Amino acid sequence: MQAHVTTRTRASTIAGFAAIGLIALAFALPAFASRVMIQDLFFILTMLMLAQLWNLIAGYGGMVSVGQQAFVGIGAYAMFGGVLLWGWDPVAAIVLGGLAALALSVPMAFFAFRLHGAYFAIGTWVVAEVTRLLVAQWRALGGGTGTSLPREVTANIWGVDWVASLLDVRQAAARDILAYWLALVLCIVTIGAIYWLLRSRTGLALAAVRDNDEAARSVGVDARRVKWMVFLAAGFMTGLVGALIYMQTARISPDAAFSVTTWTAYVIFIVVIGGIGRLEGPILGVLVFWALQTAFASYGAWYLFALGVIAIVVMIFAPRGLWGLVADRTGLALFPVQRRLIFSKEP
């Protein structure tokens with residue numbers, strides 16, 4: 001008998017081929033989809049990325065942060081600073097947003113990693129609020145009221161003219177399509193990188209640290225290094241997403257860019273509804289969130305009330321989320337990370 005370790009399942013193999021088809025369709029979609037659909041898909045992709053990154057640090061790393069809006073906001077403001085102060089193209093300045101968020105994640109981690117449990121969550125929120133207050137004093141970028149990208153900048157973003165000529169659309173629609181394509185590429189990279197990480201030895205170490213920090217240290221896991229690496233990587237990627245979001249909107253203010261409701265509370269809702277600690281969870285959760293927002297957004301405060309009620313019901317009857325409920329009953333795993341020992345007869 002021979003034995004080998006694998007994470008692949010029949011369902012994951014089928015899902016992989018289906019994903020290739022969906023990705024090809026997603027890239028071709030702007031050729032025949034409406035502008036409203038492209039904007040909706042951009043929203044879904046960006047919220048999915050934020051949810052996957054929060055799920056990485058909280059669901060897989062056990063670090064429950066409520067300060068992710070700091071990375072979104074600083075990434076967006078760094079992008080605006082690169083464009084308005086240094087003359088960068090917005091597409092190139094997206095990278096600057098990621099680097100700014102990475103720089104912010106260092107002091108945030110240094111401060112928050114000395115706290116535990118609820119204190120860790122509060123600590124990350126405090127750092128985010130301090131960052132918002134400091135950015136609100138940045139008069140060159142509009143101070144507390146914010147600012148917008150000039151029309152001559154948005155009209156000359158790299159790739160917009162090419163998209164407009166390729167698909168025969170106006171520049172405004174071409175800018176939305178370019179942002180959508182960038183979000184699609186970044187989403188594929190984000191999910192792929194997280195899946196690769198979770199299947200690696202570092203992923204095993206991360207799960208061990210989440211389950212029992214002291215036990216992980218006792219078997220040689222460098223818990224501090226693993227936490228730092230994951231937290232900084234999530235901060236960098238979140239900054240990229242924040243910069244991309246505000247490149248598409250072309251308008252920024254401290255209250256919007258550092259909104260705890262939009263960039264943290266909604267993200268937590270998506271992960272909790274879909275299933276924390278599972279890559280499939282945020283995918284299902286963001287679709288549920290988008291559907292609820294589309295159906296109830298016109299009802300004002302009742303929309304937020306409905307989200308709260310649904311979250312409570314799911315946490316009571318499906319504490320592992322909707323995907324957790326499906327997985328527990330069917331054993332289905334589209335992104336399997338659990339290692340299984342397979343025995344086969346010798347040839």
# chains A, B, ... in the order shown; residues from 1 in each chain; ligands from 1

$ residues_around --residues "Trp228 in chain A" --least-positions-apart "5" --cutoff "9 Å" --atoms "only C-alpha atoms" --output "CSV table (one decimal) with N, CA and C atoms, in the first residue's frame"
chain,number,residue,atom,x,y,z
A,106,VAL,N,2.2,48.5,10.4
A,106,VAL,CA,3.3,48.2,11.3
A,106,VAL,C,3.0,48.8,12.7
A,109,ALA,N,-0.1,47.0,14.3
A,109,ALA,CA,0.2,45.7,14.8
A,109,ALA,C,1.1,45.8,16.1
A,110,PHE,N,2.1,46.7,16.1
A,110,PHE,CA,2.9,46.9,17.2
A,110,PHE,C,2.1,47.2,18.5
A,113,PHE,N,-1.0,44.1,19.0
A,113,PHE,CA,-0.5,42.7,19.3
A,113,PHE,C,-0.2,42.6,20.8
A,223,ALA,N,4.7,32.1,16.6
A,223,ALA,CA,3.4,32.7,16.5
A,223,ALA,C,3.5,34.2,16.2
A,233,ALA,N,0.4,41.6,5.4
A,233,ALA,CA,-0.1,41.3,4.1
A,233,ALA,C,-1.5,41.7,3.9

$ closest_atom_pairs --of "range 173-210 of chain A" --to "range 60-64 of chain A" --cutoff "8 Å" --atoms "only C-alpha atoms" --output "Markdown table"
| residue | atom | partner | partner_atom | distance |
| --- | --- | --- | --- | --- |
| A:Leu206 | CA | A:Gly61 | CA | 5.7 |
| A:Ala207 | CA | A:Tyr60 | CA | 5.9 |
| A:Val209 | CA | A:Gly61 | CA | 7.0 |
| A:Arg210 | CA | A:Gly62 | CA | 4.8 |

$ residues_around --residues "range 68-79 of chain A" --least-positions-apart "3" --cutoff "9 Å" --atoms "only C-alpha atoms" --output "count of residues only"
56

$ closest_atom_pairs --of "range 303-324 of chain A" --to "range 272-278 of chain A" --cutoff "7 Å" --atoms "only C-alpha atoms" --output "tab-separated table"
residue	atom	partner	partner_atom	distance
A:Ala311	CA	A:Ile273	CA	6.3
A:Val314	CA	A:Ile273	CA	6.5
A:Arg320	CA	A:Gly275	CA	5.3
A:Gly321	CA	A:Gly275	CA	3.8
A:Leu322	CA	A:Gly274	CA	5.1
A:Trp323	CA	A:Gly275	CA	5.5
A:Gly324	CA	A:Gly275	CA	5.6

$ residues_around --residues "range 27-43 of chain A" --least-positions-apart "4" --cutoff "8 Å" --atoms "only C-alpha atoms" --output "ChimeraX atom specification"
/A:23,47,167,173,176-177,179-181,183-184

$ atom_distance --atom1 "CA of Ala58 in chain A" --atom2 "CA of Ala208 in chain A"
13.4 Å

$ atom_distance --atom1 "CA of Trp86 in chain A" --atom2 "CA of Val153 in chain A"
12.4 Å

$ residues_around --residues "Arg175 in chain A" --least-positions-apart "2" --cutoff "9 Å" --atoms "only C-alpha atoms" --output "ChimeraX atom specification"
/A:154-155,157,159-161,163-164,170-173,177-180,248

$ select_by_dssp --residues "range 65-282 of chain A" --states "strand (DSSP E or B)" --output "VMD selection string"
chain A and resid 147 to 148 251 to 252

$ write_last_selection --atoms "C-alpha atoms" --output "CSV table (one decimal), in the first residue's frame"
chain,number,residue,atom,x,y,z
A,147,THR,CA,-11.7,66.5,-2.5
A,148,SER,CA,-12.2,65.1,-6.0
A,251,ARG,CA,-14.3,61.6,-4.8
A,252,ILE,CA,-13.0,61.2,-1.2

$ select_by_dssp --residues "range 64-281 of chain A" --states "helix (DSSP H, G or I)" --output "number ranges by chain"
A: 69-84, 90-112, 118-135, 139-141, 151-154, 160-167, 171-199, 201-211, 213-218, 223-249, 254-257, 260-274, 280-281
